[in-house]
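So this one's my_file.cif, mmCIF, C-alpha atoms:
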data_coords
#
loop_
_atom_site.label_atom_id
_atom_site.label_comp_id
_atom_site.auth_asym_id
_atom_site.auth_seq_id
_atom_site.Cartn_x
_atom_site.Cartn_y
_atom_site.Cartn_z
CA MET S 1 -24.28 -37.75 -17.92
CA ALA S 2 -20.66 -36.62 -18.29
CA THR S 3 -19.77 -34.15 -21.06
CA PRO S 4 -17.90 -35.80 -23.94
CA ARG S 5 -14.18 -35.16 -23.84
CA PRO S 6 -13.91 -33.33 -27.23
CA ILE S 7 -16.60 -30.82 -26.19
CA SER S 8 -14.79 -30.17 -22.90
CA LEU S 9 -11.57 -29.46 -24.76
CA LEU S 10 -13.32 -27.03 -27.10
CA LEU S 11 -14.87 -25.19 -24.16
CA CYS S 12 -11.47 -24.90 -22.43
CA LEU S 13 -9.86 -23.53 -25.59
CA ALA S 14 -12.63 -20.97 -25.94
CA LEU S 15 -12.16 -19.81 -22.36
CA VAL S 16 -8.40 -19.52 -22.81
CA THR S 17 -8.91 -17.43 -25.94
CA LEU S 18 -11.24 -15.09 -24.10
CA CYS S 19 -8.79 -14.74 -21.19
CA GLN S 20 -5.89 -13.89 -23.48
CA GLY S 21 -7.86 -10.99 -24.97
CA GLY S 22 -8.81 -9.53 -21.58
CA CYS S 23 -7.48 -6.47 -19.79
CA VAL S 24 -6.04 -6.65 -16.28
CA GLU S 25 -5.20 -3.61 -14.17
CA VAL S 26 -1.80 -4.02 -12.51
CA ASP S 27 -0.16 -1.67 -10.03
CA SER S 28 3.06 -0.02 -11.13
CA TYR S 29 6.47 -0.47 -9.55
CA THR S 30 7.42 2.57 -7.53
CA GLU S 31 11.19 2.32 -7.01
CA ALA S 32 13.45 3.45 -9.84
CA VAL S 33 17.24 3.26 -10.01
CA ALA S 34 19.12 6.37 -11.10
CA GLY S 35 20.68 5.98 -14.54
CA ASN S 36 18.43 3.05 -15.54
CA SER S 37 15.21 2.83 -17.50
CA PHE S 38 11.96 2.65 -15.54
CA GLN S 39 8.44 1.74 -16.61
CA ILE S 40 5.50 3.50 -14.99
CA LEU S 41 2.37 1.41 -15.45
CA CYS S 42 -1.01 3.01 -16.01
CA ILE S 43 -3.75 0.59 -17.10
CA SER S 44 -7.43 1.52 -17.27
CA CYS S 45 -9.65 -1.32 -18.46
CA LYS S 46 -12.99 -0.73 -20.13
CA LYS S 47 -15.78 -2.55 -18.29
CA ARG S 48 -17.70 -3.62 -21.41
CA SER S 49 -15.38 -4.70 -24.20
CA GLU S 50 -18.14 -4.73 -26.82
CA THR S 51 -18.79 -0.97 -26.43
CA GLU S 52 -16.92 1.17 -28.94
CA ALA S 53 -14.74 3.85 -27.41
CA GLU S 54 -11.74 6.06 -27.91
CA ALA S 55 -9.44 7.59 -25.33
CA PHE S 56 -6.49 9.86 -24.77
CA THR S 57 -4.24 10.37 -21.76
CA GLU S 58 -2.47 13.24 -20.06
CA TRP S 59 0.25 12.79 -17.48
CA PHE S 60 0.95 15.24 -14.64
CA PHE S 61 3.98 15.33 -12.36
CA LYS S 62 4.66 16.89 -8.96
CA GLN S 63 8.35 16.76 -8.11
CA LYS S 64 9.32 15.93 -4.56
CA GLY S 65 9.33 19.12 -2.51
CA GLU S 66 6.94 20.98 -4.84
CA GLU S 67 3.25 21.70 -4.30
CA GLU S 68 1.79 21.98 -7.81
CA TYR S 69 1.35 19.48 -10.61
CA VAL S 70 2.76 20.16 -14.05
CA LYS S 71 1.49 18.57 -17.25
CA ILE S 72 4.40 16.63 -18.71
CA LEU S 73 2.87 14.82 -21.70
CA ARG S 74 -0.20 13.99 -23.73
CA TYR S 75 -0.85 10.95 -25.90
CA ASP S 76 -3.77 10.41 -28.23
CA PRO S 77 -4.26 8.10 -31.23
CA ASP S 78 -3.97 11.00 -33.73
CA GLU S 79 -1.10 13.20 -32.53
CA ARG S 80 0.63 10.40 -30.61
CA LEU S 81 3.18 11.38 -27.94
CA ASN S 82 3.67 15.05 -27.10
CA VAL S 83 6.16 15.76 -24.27
CA MET S 84 5.66 19.18 -22.66
CA ASP S 85 8.21 19.28 -19.82
CA PRO S 86 11.96 19.89 -20.40
CA ARG S 87 12.85 17.44 -17.63
CA PHE S 88 11.38 14.64 -19.75
CA GLU S 89 12.42 15.77 -23.24
CA GLY S 90 13.98 12.87 -25.12
CA LEU S 91 13.59 10.60 -22.08
CA VAL S 92 9.98 9.44 -22.36
CA HIS S 93 9.01 6.49 -24.55
CA TRP S 94 5.40 5.42 -25.05
CA ASN S 95 4.88 1.82 -23.92
CA GLY S 96 1.11 1.58 -23.97
CA THR S 97 -1.60 0.66 -26.47
CA LYS S 98 -0.68 1.25 -30.11
CA ASN S 99 -2.68 1.38 -33.35
CA ILE S 100 -5.99 1.29 -31.42
CA ARG S 101 -8.13 4.33 -30.67
CA ASP S 102 -9.39 2.93 -27.37
CA LEU S 103 -6.31 3.23 -25.16
CA GLN S 104 -6.37 0.90 -22.16
CA ASP S 105 -2.65 0.54 -21.47
CA LEU S 106 -1.22 4.04 -21.00
CA SER S 107 2.20 3.11 -19.62
CA ILE S 108 5.39 5.04 -20.28
CA PHE S 109 9.13 4.39 -20.07
CA ILE S 110 11.59 6.89 -18.64
CA LEU S 111 14.80 5.97 -20.44
CA ASN S 112 17.36 7.54 -18.09
CA VAL S 113 16.01 8.16 -14.60
CA THR S 114 17.45 11.01 -12.55
CA PHE S 115 16.61 12.27 -9.08
CA ASP S 116 14.60 15.05 -10.74
CA HIS S 117 12.08 12.39 -11.75
CA MET S 118 11.25 11.47 -8.14
CA GLY S 119 7.79 12.51 -7.05
CA GLU S 120 4.11 11.94 -7.71
CA TYR S 121 2.71 11.09 -11.13
CA VAL S 122 -0.95 11.31 -12.11
CA CYS S 123 -2.12 9.46 -15.20
CA THR S 124 -5.48 10.75 -16.43
CA VAL S 125 -7.58 8.68 -18.81
CA ASN S 126 -10.25 10.48 -20.82
CA ARG S 127 -12.49 7.89 -22.51
CA THR S 128 -15.54 8.50 -24.68
CA LEU S 129 -18.01 5.64 -25.07
CA PHE S 130 -20.17 5.40 -28.20
CA PHE S 131 -23.65 3.90 -27.98
CA ALA S 132 -26.56 3.50 -30.36
CA ALA S 133 -28.53 6.53 -31.62
CA GLU S 134 -25.36 8.62 -31.55
CA PHE S 135 -25.36 8.68 -27.76
CA THR S 136 -21.95 9.21 -26.13
CA HIS S 137 -20.74 9.11 -22.56
CA ASN S 138 -17.44 10.50 -21.23
CA ILE S 139 -15.46 8.92 -18.39
CA MET S 140 -12.46 10.43 -16.61
CA VAL S 141 -10.15 8.21 -14.55
CA ASN S 142 -7.14 9.35 -12.51
CA LYS S 143 -4.37 7.03 -11.34
CA THR S 144 -1.67 8.24 -8.94
CA ILE S 145 1.79 6.66 -8.79
CA HIS S 146 4.42 7.64 -6.21
CA VAL S 147 7.92 7.12 -7.61
CA THR S 148 11.11 7.11 -5.56
CA VAL S 149 14.62 7.13 -7.05
CA VAL S 150 17.54 5.32 -5.41
CA GLU S 151 21.21 4.97 -6.32
CA LYS S 152 21.18 1.18 -6.01
CA GLN S 153 18.31 -1.25 -6.30
CA ASN S 154 17.05 -2.62 -3.01
CA ARG S 155 16.26 -6.29 -2.93
CA GLU S 156 12.71 -7.17 -2.00
CA MET S 157 12.04 -9.30 1.07
CA ALA S 158 10.40 -11.99 -1.07
CA SER S 159 13.59 -12.33 -3.11
CA ILE S 160 15.75 -12.65 0.01
CA VAL S 161 13.43 -15.24 1.59
CA SER S 162 13.25 -17.29 -1.62
CA GLU S 163 17.05 -17.34 -1.88
CA ILE S 164 17.41 -18.47 1.75
CA MET S 165 14.80 -21.18 1.20
CA MET S 166 16.66 -22.34 -1.90
CA TYR S 167 19.92 -22.80 0.03
CA VAL S 168 18.10 -24.54 2.90
CA LEU S 169 16.44 -26.88 0.42
CA ILE S 170 19.79 -27.66 -1.22
CA VAL S 171 21.34 -28.51 2.18
CA VAL S 172 18.37 -30.69 3.20
CA LEU S 173 18.40 -32.55 -0.12
CA THR S 174 22.17 -33.09 0.13
CA ILE S 175 21.85 -34.54 3.65
CA TRP S 176 18.96 -36.74 2.51
CA LEU S 177 20.99 -37.97 -0.48
CA VAL S 178 24.00 -38.82 1.71
CA ALA S 179 21.74 -40.66 4.18
CA GLU S 180 20.16 -42.64 1.34
CA MET S 181 23.59 -43.55 -0.04
CA VAL S 182 24.77 -44.75 3.39
CA TYR S 183 21.57 -46.74 3.90
CA CYS S 184 21.84 -48.37 0.47
CA TYR S 185 25.54 -49.15 1.03
CA LYS S 186 24.80 -50.84 4.36
CA LYS S 187 21.90 -52.76 2.83
CA ILE S 188 24.01 -53.96 -0.09
CA ALA S 189 26.90 -54.86 2.22
CA ALA S 190 24.58 -56.85 4.49
CA ALA S 191 23.06 -58.65 1.52
CA THR S 192 26.52 -59.43 0.14
CA GLU S 193 27.71 -60.76 3.51
CA ALA S 194 24.59 -62.92 3.88
CA ALA S 195 25.08 -64.30 0.38
CA ALA S 196 28.74 -65.04 1.13
CA GLN S 197 27.83 -66.88 4.34
CA GLU S 198 25.17 -68.86 2.52
CA ASN S 199 27.64 -69.82 -0.21
CA ALA S 200 30.20 -70.82 2.41
CA SER S 201 27.62 -72.97 4.20
CA GLU S 202 26.65 -74.67 0.95
CA TYR S 203 30.32 -75.28 0.16
CA LEU S 204 30.95 -76.85 3.55
CA ALA S 205 27.86 -79.01 3.22
CA ILE S 206 28.94 -80.22 -0.22
CA THR S 207 32.48 -80.88 1.03
CA SER S 208 31.23 -82.88 4.03
CA GLU S 209 28.91 -84.90 1.82
CA SER S 210 31.76 -85.67 -0.59
CA LYS S 211 34.00 -86.84 2.25
CA GLU S 212 31.28 -89.10 3.58
CA ASN S 213 30.76 -90.60 0.16
CA CYS S 214 34.48 -91.16 -0.28
CA THR S 215 34.73 -92.83 3.18
CA GLY S 216 31.84 -95.13 2.36
CA VAL S 217 33.48 -96.20 -0.86
CA GLN S 218 36.77 -97.05 0.90
CA VAL S 219 35.01 -99.12 3.57
CA ALA S 220 33.12 -101.07 0.93
CA GLU S 221 36.34 -102.01 -0.77
#
Could I get this file's structure written as structure tokens?
Amino acid sequence: MATPRPISLLLCLALVTLCQGGCVEVDSYTEAVAGNSFQILCISCKKRSETEAEAFTEWFFKQKGEEEYVKILRYDPDERLNVMDPRFEGLVHWNGTKNIRDLQDLSIFILNVTFDHMGEYVCTVNRTLFFAAEFTHNIMVNKTIHVTVVEKQNREMASIVSEIMMYVLIVVLTIWLVAEMVYCYKKIAAATEAAAQENASEYLAITSESKENCTGVQVAE
């Protein structure tokens, strides 16, 4: 037996609500343009959303050409953002989770990218899970992002291909439209000509019939 339509709609709405509240880990962009702002994504989703937790993050940076990592910032729900590297002073803006102790989005913005910001970033997530009977469990997650800095943004291959396909589609549709217009014009012209010939034939038939009638009347007189 099929499920009644109202129940199906309610189930769909419930699923949509659950999906909207979920966490999805997305890879960060890696190419920044000098002089522009650039977002470095760092997302660490908790596997069981019902488990209470709190987290803080520390970011490390290894500039291109160097061998050691340097701690550049720390963010936790209490002290918030603390920048520790002069190369990032006044340039880092927190763009992650706010007003929640369990940080899952730990992304940052670099407001004015320079070539000194090119290198390898490590985003560390330190999360403490709280269970019943005052049991806790600590999890450490590291995410590495390689960032390059260029003077001018390079277009991605997908963007170039989509633009070419758009122009090809426009040309094909234009040719198809012209062909349809020509076909319709010829069809209308043929129909008009056939109608004109039919009208002419009817006119000639009526004229001939009138002449015959007139001749018959004259003979009778």
Counting only C-alpha atoms, give me one row per residue of segment 58-92 of chain S with an atom at most 9 Å from an atom of segment 101-106 of chain S, showing the shortest contact pair and its distance in Å to one decimal, sorted by chain then residue number, as CSV.
residue,atom,partner,partner_atom,distance
S:Tyr75,CA,S:Leu106,CA,8.5
S:Asp76,CA,S:Arg101,CA,7.9
S:Pro77,CA,S:Arg101,CA,5.4
S:Asp78,CA,S:Arg101,CA,8.4
_Evaluate the PyMOL selection byres ((chain S and resi 84-88) around 12) and report residues as a VMD selection string_ = chain S and resid 58 to 63 69 to 75 81 to 83 89 to 93 108 to 118
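Straight-line separation from atom CA of Glu202 of chain S to atom CA of Tyr185 of chain S: 25.5 Å.
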_Which residue is closest to Asn36 of chain S? Choose from S:Glu67, S:Glu198, S:Glu151, S:Glu163 and count all atoms listed in the file._
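Nearest to Asn36 of chain S: S:Glu151.
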*asked:* For a test of reading the model, state the distance in Å between atom CA of Ala34 of chain S and atom CA of Ile164 of chain S, rounded to one decimal.
replied: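 For atom CA of Ala34 of chain S relative to atom CA of Ile164 of chain S, the distance reads 28.0 Å.
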*Using only C-alpha atoms, which of S:Ser49, S:Thr136, S:Ser162, S:Ser44 sits nearest Thr97 of chain S?*
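The answer is S:Ser44, which sits nearest to Thr97 of chain S.
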